[in-house]
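Dumped query-v3.tsv below, it's TSV, C-alpha atoms:
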chain	number	residue	atom	x	y	z
J	1	MET	CA	-47.94	7.65	-16.31
J	2	LYS	CA	-46.59	8.15	-19.82
J	3	LYS	CA	-43.49	6.26	-20.70
J	4	ASN	CA	-40.84	8.79	-21.61
J	5	THR	CA	-38.18	6.61	-23.18
J	6	SER	CA	-39.27	7.69	-26.68
J	7	ASN	CA	-37.77	11.12	-25.88
J	8	PHE	CA	-34.32	9.80	-26.63
J	9	ASN	CA	-33.48	8.56	-30.10
J	10	PHE	CA	-30.80	6.04	-29.23
J	11	TYR	CA	-30.43	4.51	-32.68
J	12	SER	CA	-30.42	7.61	-34.83
J	13	ASP	CA	-27.53	6.39	-36.98
J	14	MET	CA	-29.33	3.22	-38.06
J	15	ASP	CA	-31.45	3.32	-41.20
J	16	ASP	CA	-34.83	1.63	-41.59
J	17	ASN	CA	-33.27	-1.35	-43.40
J	18	SER	CA	-30.97	-2.05	-40.48
J	19	ARG	CA	-33.85	-1.95	-38.06
J	20	GLN	CA	-36.06	-4.20	-40.13
J	21	ALA	CA	-33.59	-6.47	-41.88
J	22	SER	CA	-33.09	-8.96	-39.14
J	23	PRO	CA	-32.86	-12.52	-40.41
J	24	VAL	CA	-35.43	-13.67	-37.80
J	25	ASN	CA	-37.82	-10.73	-38.21
J	26	ALA	CA	-41.14	-12.23	-39.20
J	27	PHE	CA	-43.10	-9.17	-38.19
J	28	ARG	CA	-44.58	-6.62	-40.57
J	29	VAL	CA	-45.65	-3.03	-40.02
J	30	PRO	CA	-48.49	-1.01	-41.57
J	31	GLU	CA	-47.71	0.87	-44.76
J	32	ASN	CA	-45.88	4.18	-44.24
J	33	TYR	CA	-45.60	3.37	-40.58
J	34	PHE	CA	-42.12	4.72	-40.12
J	35	GLU	CA	-42.85	7.84	-42.15
J	36	GLN	CA	-45.54	8.92	-39.74
J	37	LEU	CA	-43.85	7.53	-36.64
J	38	GLU	CA	-41.52	10.46	-36.20
J	39	GLY	CA	-44.42	12.92	-36.19
J	40	ALA	CA	-46.38	10.83	-33.70
J	41	ILE	CA	-43.41	10.57	-31.35
J	42	LEU	CA	-42.69	14.29	-31.50
J	43	LYS	CA	-46.33	15.02	-30.76
J	44	ASN	CA	-46.14	12.83	-27.67
J	45	ILE	CA	-42.89	14.39	-26.62
J	46	GLN	CA	-44.16	17.92	-26.91
J	47	SER	CA	-47.14	17.09	-24.76
J	48	LEU	CA	-44.87	16.15	-21.86
J	49	PRO	CA	-44.36	18.88	-19.25
J	50	ASP	CA	-40.95	20.63	-19.02
J	51	PHE	CA	-39.43	18.88	-22.00
J	52	GLU	CA	-36.97	20.77	-24.15
J	53	LYS	CA	-37.15	20.07	-27.85
J	54	SER	CA	-33.61	18.92	-28.36
J	55	SER	CA	-33.29	15.34	-27.18
J	56	ARG	CA	-29.55	15.75	-26.75
J	57	HIS	CA	-29.61	19.03	-24.86
J	58	ASN	CA	-26.54	19.36	-22.70
J	59	PRO	CA	-27.68	19.99	-19.14
J	60	PHE	CA	-24.16	20.61	-17.90
J	61	THR	CA	-22.92	24.18	-17.84
J	62	VAL	CA	-19.59	25.89	-17.29
J	63	PRO	CA	-18.76	29.26	-15.72
J	64	GLU	CA	-18.77	32.15	-18.16
J	65	GLY	CA	-15.50	32.53	-20.03
J	66	TYR	CA	-14.26	29.20	-18.78
J	67	PHE	CA	-12.72	27.95	-22.02
J	68	HIS	CA	-10.98	31.27	-22.64
J	69	ASP	CA	-9.49	31.15	-19.13
J	70	LEU	CA	-8.55	27.51	-19.55
J	71	GLN	CA	-6.27	28.33	-22.44
J	72	HIS	CA	-4.52	31.06	-20.42
J	73	GLN	CA	-4.11	28.78	-17.42
J	74	LEU	CA	-2.58	26.06	-19.56
J	75	THR	CA	-0.21	28.52	-21.21
J	76	GLU	CA	0.96	29.69	-17.78
J	77	LYS	CA	1.45	26.16	-16.54
J	78	ILE	CA	3.54	25.02	-19.47
J	79	SER	CA	5.62	28.21	-19.34
J	80	SER	CA	6.45	27.74	-15.67
J	81	PRO	CA	6.38	24.04	-15.01
J	82	ALA	CA	6.20	22.69	-11.42
J	83	PRO	CA	9.60	21.83	-9.90
J	84	LYS	CA	10.58	18.26	-10.60
J	85	VAL	CA	10.68	15.82	-7.71
J	86	PRO	CA	14.33	14.88	-7.15
J	87	SER	CA	15.12	11.44	-8.37
J	88	GLY	CA	16.63	8.80	-6.17
J	89	ILE	CA	15.25	6.77	-3.34
J	90	TYR	CA	12.33	9.11	-2.66
J	91	GLY	CA	11.99	10.55	-6.14
J	92	ASN	CA	9.43	8.19	-7.61
J	93	LEU	CA	7.32	7.73	-4.51
J	94	SER	CA	3.97	9.48	-4.20
J	95	GLY	CA	3.10	11.28	-0.95
J	96	TYR	CA	0.77	8.56	0.24
J	97	ARG	CA	3.23	5.75	-0.45
J	98	LEU	CA	6.05	7.58	1.27
J	99	ALA	CA	3.87	8.24	4.32
J	100	ALA	CA	2.85	4.57	4.44
J	101	ILE	CA	6.49	3.44	4.28
J	102	LEU	CA	7.53	5.85	7.05
J	103	VAL	CA	4.67	4.76	9.32
J	104	SER	CA	5.55	1.09	8.77
J	105	ALA	CA	9.19	1.81	9.54
J	106	CYS	CA	8.26	3.63	12.78
J	107	ILE	CA	6.06	0.76	13.90
J	108	MET	CA	8.86	-1.72	13.22
J	109	ILE	CA	11.43	0.36	15.10
J	110	LEU	CA	9.11	0.78	18.10
J	111	SER	CA	8.32	-2.93	18.14
J	112	ILE	CA	11.99	-3.84	18.11
J	113	HIS	CA	12.68	-1.25	20.82
J	114	PHE	CA	9.99	-2.53	23.17
J	115	TYR	CA	10.86	-6.16	22.54
J	116	THR	CA	14.53	-5.68	23.27
J	117	ARG	CA	13.70	-3.55	26.33
J	118	GLU	CA	11.58	-6.32	27.83
J	119	THR	CA	14.28	-8.86	27.16
J	120	LEU	CA	16.86	-6.65	28.86
J	121	VAL	CA	14.60	-6.18	31.89
J	122	GLU	CA	14.30	-9.93	32.21
J	123	MET	CA	18.00	-10.43	31.80
J	124	ASN	CA	18.77	-7.79	34.41
J	125	ALA	CA	16.41	-9.25	37.01
J	126	VAL	CA	18.35	-10.05	40.12
J	127	PRO	CA	17.65	-13.49	41.48
J	128	VAL	CA	16.39	-13.34	45.06
J	129	THR	CA	17.23	-15.98	47.54
J	130	PHE	CA	15.03	-17.04	50.42
J	131	THR	CA	17.64	-15.74	52.82
J	132	GLU	CA	17.32	-12.28	51.38
J	133	LEU	CA	13.58	-12.48	51.40
J	134	GLY	CA	13.62	-13.52	55.03
J	135	ASN	CA	15.88	-10.63	55.91
J	136	THR	CA	13.69	-8.02	54.34
J	137	ILE	CA	10.12	-9.06	54.85
J	138	TYR	CA	8.15	-11.40	57.01
J	139	LEU	CA	7.53	-14.65	55.28
J	140	GLN	CA	3.89	-14.75	56.33
J	141	ASP	CA	3.28	-11.48	54.47
J	142	LEU	CA	4.27	-13.03	51.20
J	143	TYR	CA	1.75	-14.29	48.78
J	144	GLU	CA	2.23	-17.85	47.60
J	145	ASP	CA	2.98	-16.62	44.06
J	146	ASP	CA	5.90	-14.58	45.31
J	147	LEU	CA	7.31	-17.63	47.06
J	148	VAL	CA	6.92	-19.73	43.94
J	149	GLU	CA	8.64	-17.06	41.87
J	150	ALA	CA	11.48	-16.77	44.34
J	151	LEU	CA	11.86	-20.53	44.27
J	152	ALA	CA	11.90	-20.60	40.47
J	153	VAL	CA	14.54	-17.90	40.31
J	154	GLN	CA	16.59	-19.68	42.92
J	155	GLN	CA	16.33	-22.93	41.01
J	156	SER	CA	17.45	-21.32	37.76
J	157	VAL	CA	20.38	-19.73	39.50
J	158	ALA	CA	21.20	-23.02	41.20
J	159	LYS	CA	21.31	-24.79	37.84
J	160	THR	CA	23.76	-22.35	36.29
J	161	GLU	CA	26.01	-21.74	39.21
J	162	SER	CA	28.41	-24.36	40.30
J	163	ALA	CA	29.04	-22.52	43.55
J	164	GLU	CA	27.13	-23.26	46.77
J	165	THR	CA	23.38	-22.84	46.64
J	166	ASP	CA	21.00	-21.68	49.24
J	167	PRO	CA	20.71	-24.59	51.69
J	168	TYR	CA	17.04	-23.85	52.45
J	169	ILE	CA	16.03	-24.17	48.87
J	170	GLN	CA	18.16	-27.25	48.43
J	171	TYR	CA	16.40	-28.77	51.46
J	172	LEU	CA	12.98	-28.04	50.05
J	173	ILE	CA	13.84	-29.52	46.68
J	174	GLU	CA	15.42	-32.66	48.04
J	175	ASN	CA	12.52	-33.34	50.41
J	176	HIS	CA	9.77	-32.45	47.90
J	177	ILE	CA	8.26	-29.92	50.23
J	178	GLU	CA	5.63	-27.68	48.62
J	179	LEU	CA	5.64	-24.02	49.49
J	180	SER	CA	1.95	-24.14	50.26
J	181	GLN	CA	2.78	-26.49	53.15
J	182	ILE	CA	5.15	-23.91	54.58
J	183	ALA	CA	2.65	-21.11	54.13
J	184	SER	CA	-0.05	-23.02	56.02
J	185	HIS	CA	2.24	-23.34	59.02
J	186	LEU	CA	3.03	-19.61	59.15
I	1	MET	CA	-10.45	30.17	-36.04
I	2	GLU	CA	-7.69	28.75	-38.19
I	3	GLU	CA	-7.64	24.96	-38.13
I	4	PHE	CA	-4.61	22.82	-38.78
I	5	SER	CA	-4.29	19.21	-39.73
I	6	ASP	CA	-2.61	16.77	-37.37
I	7	LYS	CA	0.52	16.77	-39.51
I	8	GLU	CA	0.78	20.56	-39.56
I	9	LEU	CA	0.25	20.81	-35.84
I	10	LEU	CA	2.91	18.22	-35.14
I	11	GLU	CA	5.42	19.88	-37.42
I	12	LYS	CA	4.88	23.23	-35.72
I	13	PHE	CA	5.05	21.64	-32.29
I	14	ARG	CA	8.34	19.95	-33.03
I	15	SER	CA	9.92	23.24	-33.95
I	16	GLU	CA	11.19	25.14	-30.91
I	17	GLU	CA	10.03	28.48	-32.29
I	18	THR	CA	6.46	27.51	-33.01
I	19	ARG	CA	5.88	25.01	-30.21
I	20	HIS	CA	3.79	27.29	-28.00
I	21	TYR	CA	1.80	28.52	-30.97
I	22	ALA	CA	1.04	24.95	-32.05
I	23	PHE	CA	0.00	23.99	-28.53
I	24	ASN	CA	-2.36	26.95	-28.28
I	25	ILE	CA	-3.95	25.96	-31.55
I	26	LEU	CA	-4.29	22.38	-30.36
I	27	VAL	CA	-5.92	23.49	-27.11
I	28	ARG	CA	-8.30	25.80	-28.94
I	29	GLN	CA	-9.24	23.06	-31.39
I	30	TYR	CA	-9.82	20.29	-28.92
I	31	GLN	CA	-10.42	21.76	-25.48
I	32	GLN	CA	-14.21	21.72	-25.61
I	33	ARG	CA	-14.53	18.20	-26.93
I	34	VAL	CA	-12.00	16.92	-24.43
I	35	TYR	CA	-13.59	18.85	-21.59
I	36	TRP	CA	-17.13	17.59	-22.26
I	37	HIS	CA	-15.90	14.05	-22.62
I	38	ILE	CA	-14.22	14.31	-19.21
I	39	ARG	CA	-17.16	16.14	-17.67
I	40	ARG	CA	-19.55	13.37	-18.65
I	41	ILE	CA	-17.34	10.93	-16.77
I	42	VAL	CA	-16.46	12.86	-13.61
I	43	ILE	CA	-19.66	15.01	-13.59
I	44	ASP	CA	-18.39	17.83	-11.35
I	45	HIS	CA	-17.08	20.93	-13.16
I	46	ASP	CA	-14.14	21.55	-10.81
I	47	ASP	CA	-13.02	17.94	-11.12
I	48	ALA	CA	-13.43	18.09	-14.89
I	49	ASN	CA	-11.35	21.29	-14.94
I	50	ASP	CA	-8.53	19.61	-12.99
I	51	VAL	CA	-8.54	16.53	-15.18
I	52	THR	CA	-8.70	18.56	-18.39
I	53	GLN	CA	-5.69	20.60	-17.36
I	54	ASN	CA	-3.79	17.46	-16.41
I	55	VAL	CA	-4.60	15.98	-19.79
I	56	PHE	CA	-3.26	18.95	-21.72
I	57	ILE	CA	-0.15	19.15	-19.56
I	58	LYS	CA	0.48	15.49	-20.37
I	59	VAL	CA	-0.09	16.25	-24.03
I	60	TRP	CA	2.43	19.10	-23.86
I	61	ASN	CA	5.01	16.74	-22.34
I	62	ALA	CA	4.35	13.80	-24.64
I	63	LEU	CA	3.38	15.31	-27.98
I	64	GLY	CA	6.98	15.51	-29.14
I	65	ASN	CA	7.18	11.71	-28.95
I	66	PHE	CA	3.79	11.06	-30.51
I	67	ARG	CA	4.26	8.16	-32.90
I	68	GLU	CA	1.37	9.13	-35.22
I	69	ASP	CA	0.02	5.58	-35.20
I	70	SER	CA	-3.44	7.05	-34.59
I	71	LYS	CA	-5.15	10.36	-35.12
I	72	LEU	CA	-4.23	13.15	-32.76
I	73	PHE	CA	-7.84	13.40	-31.64
I	74	THR	CA	-7.95	9.66	-30.83
I	75	TRP	CA	-4.73	9.94	-28.83
I	76	LEU	CA	-6.07	12.95	-26.92
I	77	PHE	CA	-9.30	11.20	-26.10
I	78	ARG	CA	-7.45	8.11	-24.97
I	79	ILE	CA	-5.43	10.18	-22.50
I	80	ALA	CA	-8.57	12.02	-21.38
I	81	THR	CA	-10.44	8.77	-20.80
I	82	ASN	CA	-7.60	7.20	-18.82
I	83	GLU	CA	-7.08	10.33	-16.74
I	84	SER	CA	-10.79	10.53	-15.93
I	85	LEU	CA	-10.98	6.90	-14.89
I	86	SER	CA	-7.80	7.24	-12.81
I	87	PHE	CA	-9.31	10.28	-11.14
I	88	LEU	CA	-12.41	8.34	-10.13
I	89	ALA	CA	-10.29	5.42	-8.92
I	90	GLN	CA	-8.20	7.78	-6.78
I	91	LYS	CA	-11.34	9.33	-5.37
I	92	ARG	CA	-12.49	5.89	-4.24
I	93	LYS	CA	-9.15	5.07	-2.65
I	94	ARG	CA	-8.72	8.41	-0.96
I	95	PHE	CA	-12.05	8.30	0.81
I	96	PHE	CA	-12.25	4.50	1.15
I	97	ILE	CA	-15.43	4.55	-0.91
I	98	PRO	CA	-16.68	1.25	-2.33
I	99	LEU	CA	-16.86	0.98	-6.09
I	100	VAL	CA	-20.58	1.59	-6.42
I	101	ASP	CA	-20.83	4.55	-4.12
I	102	VAL	CA	-18.74	7.00	-6.14
I	103	GLU	CA	-21.31	6.87	-8.92
I	104	ASN	CA	-24.11	7.20	-6.36
I	105	GLN	CA	-22.41	10.26	-4.92
I	106	LEU	CA	-22.03	11.79	-8.37
I	107	SER	CA	-25.67	11.10	-9.06
I	108	ASN	CA	-26.80	12.70	-5.80
I	109	SER	CA	-24.63	15.74	-6.38
I	110	LEU	CA	-26.38	16.60	-9.64
I	111	GLU	CA	-29.43	18.15	-8.01
I	112	THR	CA	-27.41	20.69	-6.06
I	113	ASP	CA	-24.69	21.21	-8.65
I	114	PRO	CA	-24.68	24.93	-9.67
I	115	HIS	CA	-23.33	23.90	-13.06
I	116	TYR	CA	-26.17	21.53	-13.87
I	117	SER	CA	-29.31	22.92	-15.47
I	118	GLY	CA	-31.15	19.82	-16.64
I	119	ASN	CA	-34.87	19.30	-16.20
I	120	ALA	CA	-36.42	16.35	-14.40
I	121	ILE	CA	-36.25	14.01	-17.39
I	122	GLU	CA	-32.63	14.83	-18.12
I	123	LEU	CA	-31.77	14.33	-14.46
I	124	LYS	CA	-33.44	10.95	-14.59
I	125	LEU	CA	-31.52	10.04	-17.73
I	126	GLN	CA	-28.22	11.17	-16.25
I	127	ARG	CA	-28.84	9.15	-13.10
I	128	ALA	CA	-29.67	6.10	-15.19
I	129	VAL	CA	-26.42	6.58	-17.12
I	130	LEU	CA	-24.45	6.82	-13.89
I	131	GLU	CA	-25.82	3.44	-12.82
I	132	LEU	CA	-24.35	1.73	-15.87
I	133	PRO	CA	-21.16	-0.32	-15.58
I	134	GLN	CA	-18.12	1.78	-16.38
I	135	GLN	CA	-17.48	0.54	-19.89
I	136	GLN	CA	-21.12	0.80	-20.93
I	137	ARG	CA	-21.27	4.32	-19.53
I	138	LEU	CA	-18.20	5.35	-21.54
I	139	VAL	CA	-19.57	3.86	-24.75
I	140	PHE	CA	-22.99	5.40	-24.20
I	141	ASN	CA	-21.55	8.85	-23.53
I	142	MET	CA	-19.38	8.78	-26.63
I	143	LYS	CA	-22.04	7.34	-28.90
I	144	TYR	CA	-25.14	9.16	-27.72
I	145	TYR	CA	-23.91	12.50	-26.46
I	146	GLN	CA	-20.87	13.01	-28.66
I	147	ASN	CA	-22.23	11.20	-31.69
I	148	MET	CA	-18.94	9.45	-32.34
I	149	LYS	CA	-18.62	6.59	-34.79
I	150	TYR	CA	-18.05	3.10	-33.49
I	151	GLU	CA	-14.69	2.97	-35.31
I	152	GLU	CA	-13.51	6.10	-33.50
I	153	ILE	CA	-14.64	4.74	-30.14
I	154	SER	CA	-12.92	1.46	-30.94
I	155	ASP	CA	-9.62	3.28	-31.56
I	156	ILE	CA	-9.93	5.20	-28.31
I	157	LEU	CA	-10.99	2.40	-26.00
I	158	GLY	CA	-9.25	-0.48	-27.74
I	159	ILE	CA	-12.47	-2.49	-27.93
I	160	THR	CA	-13.82	-4.14	-31.08
I	161	VAL	CA	-16.70	-2.53	-32.92
I	162	GLY	CA	-18.87	-5.58	-32.27
I	163	ALA	CA	-18.27	-5.40	-28.54
I	164	LEU	CA	-19.00	-1.67	-28.59
I	165	LYS	CA	-22.33	-2.22	-30.32
I	166	ALA	CA	-23.22	-4.83	-27.74
I	167	ASN	CA	-22.20	-2.46	-24.95
I	168	TYR	CA	-24.30	0.33	-26.39
I	169	HIS	CA	-27.29	-1.93	-26.89
I	170	HIS	CA	-27.14	-3.17	-23.29
I	171	ALA	CA	-26.70	0.36	-22.02
I	172	VAL	CA	-29.75	1.57	-23.92
I	173	LYS	CA	-31.86	-1.31	-22.67
I	174	LYS	CA	-30.88	-0.67	-19.06
I	175	ILE	CA	-31.62	3.04	-19.38
I	176	GLU	CA	-34.98	2.38	-21.01
I	177	LYS	CA	-35.88	-0.02	-18.22
I	178	LYS	CA	-34.78	2.48	-15.61
I	179	LEU	CA	-36.79	5.31	-17.16
I	180	LYS	CA	-39.89	3.18	-17.60
I	181	PHE	CA	-40.14	1.77	-14.14
I	182	ASP	CA	-38.88	4.59	-11.92

Would you mind writing the structure in this file as structure tokens?
Amino acid sequence: MKKNTSNFNFYSDMDDNSRQASPVNAFRVPENYFEQLEGAILKNIQSLPDFEKSSRHNPFTVPEGYFHDLQHQLTEKISSPAPKVPSGIYGNLSGYRLAAILVSACIMILSIHFYTRETLVEMNAVPVTFTELGNTIYLQDLYEDDLVEALAVQQSVAKTESAETDPYIQYLIENHIELSQIASHL
Amino acid sequence: MEEFSDKELLEKFRSEETRHYAFNILVRQYQQRVYWHIRRIVIDHDDANDVTQNVFIKVWNALGNFREDSKLFTWLFRIATNESLSFLAQKRKRFFIPLVDVENQLSNSLETDPHYSGNAIELKLQRAVLELPQQQRLVFNMKYYQNMKYEEISDILGITVGALKANYHHAVKKIEKKLKFD
């Protein structure tokens, strides 16, 4: 396959002296080499299929009348400029940046909302005593986890309240009785 | 087409009465060069059209404050380059595309692009150019396709002439390698 790099004259602005006059150039060329080189290259080029003679042919095209229309379009645009974006807090922000800021703000607001909602739910949880549990459901139907939770709630209430506590819970605590022991006897 | 110097254009632009006239002249003088420079970077015609229009709108808004510390053409090209690169960067961000894949997408779109009429060799060359690192691609486009001088490119990109020559040399070597072995 023929090498086709000689199609393109990359160093056309350099004269022969520049090409040859390198301080480390110890090579010589045959007499009149460069004079006949151009002809030899062109001959090779022309023998290649589908090659157009100009080595700097512009393969890009534009629609017909494009440059004429371009001038008219520009004249119209400068005569009726686009409305200016109002200055101020939003004035200098591009669409993408503004959208990103709004999305971030929404995420933050939702996060705060859900966090505070959960906290409120916890704060509003009504502590349940064993007495109340016993009045509403059969103890043997409770899972151990529910008993533990009820005990924990009762204990936290007992710590904060100086008033009388549930005597059953107090009994369990003082006698180190595990709830699992109670459950096994039910 | 009547051509004006930078100084004449700026004088006319700064006058309220002749501002539009000066701008039209400026667009007519530079639109094609600016457009093709942008097109070589963003590849797609519709994208190039958008960026070109944005560039000239920016020029309209900023020309009154142009400090004349460079040529008008250099200033225009600097805006065009920055707008094109910003456009590609936005395209990556918008579609969460990794850095490399935008250029791959542009390369793949060439074959089906109705505004691309290159033959197989030119397609290969264009694909090789798209694989270059961004700076090398810019330098290659400006040097090879637009035949600009290194000093002009240096003014536009803010890179030294020596660095530009190195960039161009590396770009050429990579393209040659790509064309030889593919």

For atom CA of I:Val34 and atom CA of I:Arg78, the interatomic separation in Å (one decimal): 9.9 Å

So how far away is atom CA of I:Arg92 from atom CA of J:Ala100, in Å?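 Computed distance, atom CA of J:Ala100 to atom CA of I:Arg92, equals 17.7 Å.
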
Residues within 10 Å of I:Asn54, only C-alpha atoms, excluding chain neighbours under 6 positions, as a list in words: Leu74 of chain J; Ala48, Trp60, Ile79, Ala80, Glu83 and Ser84 of chain I

For the atom pair atom CA of I:Lys124 and atom CA of I:Gln90, what is the interatomic distance in Å to one decimal place?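 Between atom CA of I:Lys124 and atom CA of I:Gln90 the gap works out to 26.6 Å.
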
Interface list for chain I, partner chain J, 8 Å threshold, all atoms listed in the file, as a list in words: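 The contacting residues on chain I are His20, Asn24, Val27, Arg28, Gln31, Gln32, His45, Gln53, Phe56, Ile57, Trp60, His115, Tyr116, Ser117, Gly118, Asn119, Ala120, Ile121, Glu122, Tyr144, Tyr145, Val172, Glu176, Leu179 and Lys180 of chain I.
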
Go through I:Leu10, I:Lys165, I:Val51, I:Ser5 and flag the residue nearest I:Trp36, using all atoms listed in the file for the distances.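 With all atoms listed in the file as the atom set, the closest residue is I:Val51.
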
Distance query 10 Å from (-20.3, -1.1, -28.2) using only C-alpha atoms, result as a list in words: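 I get Gln135, Gln136, Leu138, Val139, Phe140, Lys143, Tyr150, Glu151, Ile153, Ser154, Ile159, Thr160, Val161, Gly162, Ala163, Leu164, Lys165, Ala166, Asn167, Tyr168, His169, His170 and Ala171 of chain I for the residues within 10 Å of that point.
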
Which of I:Val102, I:Leu72, I:Leu132, I:Ala89 sits closest to I:Ile156 [using all atoms listed in the file]: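 The shortest atom-to-atom distance to I:Ile156 comes from I:Leu72.
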
Kindly extract all protein, DNA and RNA residues lying within 9 Å of the coordinates (-1.4, 13.3, -37.0) given in the file, considering only C-alpha atoms, and supply them as a list in words.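 These residues have at least one counted atom within 9 Å: Ser5, Asp6, Lys7, Glu8, Leu9, Leu10, Phe66, Arg67, Glu68, Asp69, Ser70, Lys71, Leu72 and Phe73 of chain I.
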
Atoms kept (C-alpha atoms) for selection, written as a JSON list (two decimals), in the frame of the given file:
[["chain", "number", "residue", "atom", "x", "y", "z"],
["I", 5, "SER", "CA", -4.29, 19.21, -39.73],
["I", 6, "ASP", "CA", -2.61, 16.77, -37.37],
["I", 7, "LYS", "CA", 0.52, 16.77, -39.51],
["I", 8, "GLU", "CA", 0.78, 20.56, -39.56],
["I", 9, "LEU", "CA", 0.25, 20.81, -35.84],
["I", 10, "LEU", "CA", 2.91, 18.22, -35.14],
["I", 66, "PHE", "CA", 3.79, 11.06, -30.51],
["I", 67, "ARG", "CA", 4.26, 8.16, -32.90],
["I", 68, "GLU", "CA", 1.37, 9.13, -35.22],
["I", 69, "ASP", "CA", 0.02, 5.58, -35.20],
["I", 70, "SER", "CA", -3.44, 7.05, -34.59],
["I", 71, "LYS", "CA", -5.15, 10.36, -35.12],
["I", 72, "LEU", "CA", -4.23, 13.15, -32.76],
["I", 73, "PHE", "CA", -7.84, 13.40, -31.64]]

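Of the residues listed (I:Val129, I:Pro114, I:Gln146, I:Leu85), I:Pro114 shows the shortest atom-to-atom separation from I:Asp46; distances use only C-alpha atoms.
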
Supply stretch 121-126 of chain I as a PDB file, keeping the file's coordinate frame, with all heavy atoms built in where the input has gaps.
ATOM      1  N   ILE I 121     -36.485  15.174 -16.507  1.00  0.00           N
ATOM      2  CA  ILE I 121     -36.250  14.010 -17.390  1.00  0.00           C
ATOM      3  C   ILE I 121     -34.759  13.814 -17.628  1.00  0.00           C
ATOM      4  O   ILE I 121     -34.241  12.692 -17.605  1.00  0.00           O
ATOM      5  CB  ILE I 121     -36.995  14.199 -18.727  1.00  0.00           C
ATOM      6  CG1 ILE I 121     -38.492  14.274 -18.473  1.00  0.00           C
ATOM      7  CG2 ILE I 121     -36.671  13.059 -19.679  1.00  0.00           C
ATOM      8  CD1 ILE I 121     -39.305  14.658 -19.683  1.00  0.00           C
ATOM      9  N   GLU I 122     -34.068  14.943 -17.875  1.00  0.00           N
ATOM     10  CA  GLU I 122     -32.630  14.830 -18.120  1.00  0.00           C
ATOM     11  C   GLU I 122     -31.886  14.349 -16.871  1.00  0.00           C
ATOM     12  O   GLU I 122     -30.923  13.586 -16.971  1.00  0.00           O
ATOM     13  CB  GLU I 122     -32.069  16.183 -18.578  1.00  0.00           C
ATOM     14  CG  GLU I 122     -32.408  16.478 -20.030  1.00  0.00           C
ATOM     15  CD  GLU I 122     -32.337  17.949 -20.356  1.00  0.00           C
ATOM     16  OE1 GLU I 122     -32.301  18.778 -19.422  1.00  0.00           O
ATOM     17  OE2 GLU I 122     -32.340  18.282 -21.552  1.00  0.00           O
ATOM     18  N   LEU I 123     -32.378  14.788 -15.716  1.00  0.00           N
ATOM     19  CA  LEU I 123     -31.770  14.330 -14.460  1.00  0.00           C
ATOM     20  C   LEU I 123     -31.948  12.826 -14.318  1.00  0.00           C
ATOM     21  O   LEU I 123     -31.021  12.100 -13.949  1.00  0.00           O
ATOM     22  CB  LEU I 123     -32.417  15.073 -13.288  1.00  0.00           C
ATOM     23  CG  LEU I 123     -31.874  14.769 -11.898  1.00  0.00           C
ATOM     24  CD1 LEU I 123     -30.410  15.173 -11.775  1.00  0.00           C
ATOM     25  CD2 LEU I 123     -32.684  15.506 -10.831  1.00  0.00           C
ATOM     26  N   LYS I 124     -33.149  12.386 -14.667  1.00  0.00           N
ATOM     27  CA  LYS I 124     -33.440  10.950 -14.590  1.00  0.00           C
ATOM     28  C   LYS I 124     -32.537  10.170 -15.541  1.00  0.00           C
ATOM     29  O   LYS I 124     -31.998   9.115 -15.198  1.00  0.00           O
ATOM     30  CB  LYS I 124     -34.904  10.743 -14.997  1.00  0.00           C
ATOM     31  CG  LYS I 124     -35.692   9.862 -14.085  1.00  0.00           C
ATOM     32  CD  LYS I 124     -37.149   9.858 -14.493  1.00  0.00           C
ATOM     33  CE  LYS I 124     -37.841   8.718 -13.801  1.00  0.00           C
ATOM     34  NZ  LYS I 124     -39.236   8.603 -14.155  1.00  0.00           N
ATOM     35  N   LEU I 125     -32.370  10.713 -16.741  1.00  0.00           N
ATOM     36  CA  LEU I 125     -31.520  10.040 -17.730  1.00  0.00           C
ATOM     37  C   LEU I 125     -30.084   9.989 -17.237  1.00  0.00           C
ATOM     38  O   LEU I 125     -29.429   8.952 -17.302  1.00  0.00           O
ATOM     39  CB  LEU I 125     -31.588  10.783 -19.074  1.00  0.00           C
ATOM     40  CG  LEU I 125     -30.599  10.295 -20.143  1.00  0.00           C
ATOM     41  CD1 LEU I 125     -30.861   8.846 -20.517  1.00  0.00           C
ATOM     42  CD2 LEU I 125     -30.675  11.175 -21.399  1.00  0.00           C
ATOM     43  N   GLN I 126     -29.604  11.117 -16.708  1.00  0.00           N
ATOM     44  CA  GLN I 126     -28.220  11.170 -16.250  1.00  0.00           C
ATOM     45  C   GLN I 126     -27.980  10.198 -15.101  1.00  0.00           C
ATOM     46  O   GLN I 126     -26.943   9.541 -15.021  1.00  0.00           O
ATOM     47  CB  GLN I 126     -27.874  12.605 -15.817  1.00  0.00           C
ATOM     48  CG  GLN I 126     -26.403  12.851 -15.576  1.00  0.00           C
ATOM     49  CD  GLN I 126     -25.536  12.464 -16.748  1.00  0.00           C
ATOM     50  OE1 GLN I 126     -25.712  12.949 -17.859  1.00  0.00           O
ATOM     51  NE2 GLN I 126     -24.589  11.570 -16.531  1.00  0.00           N
TER      52      GLN I 126
END
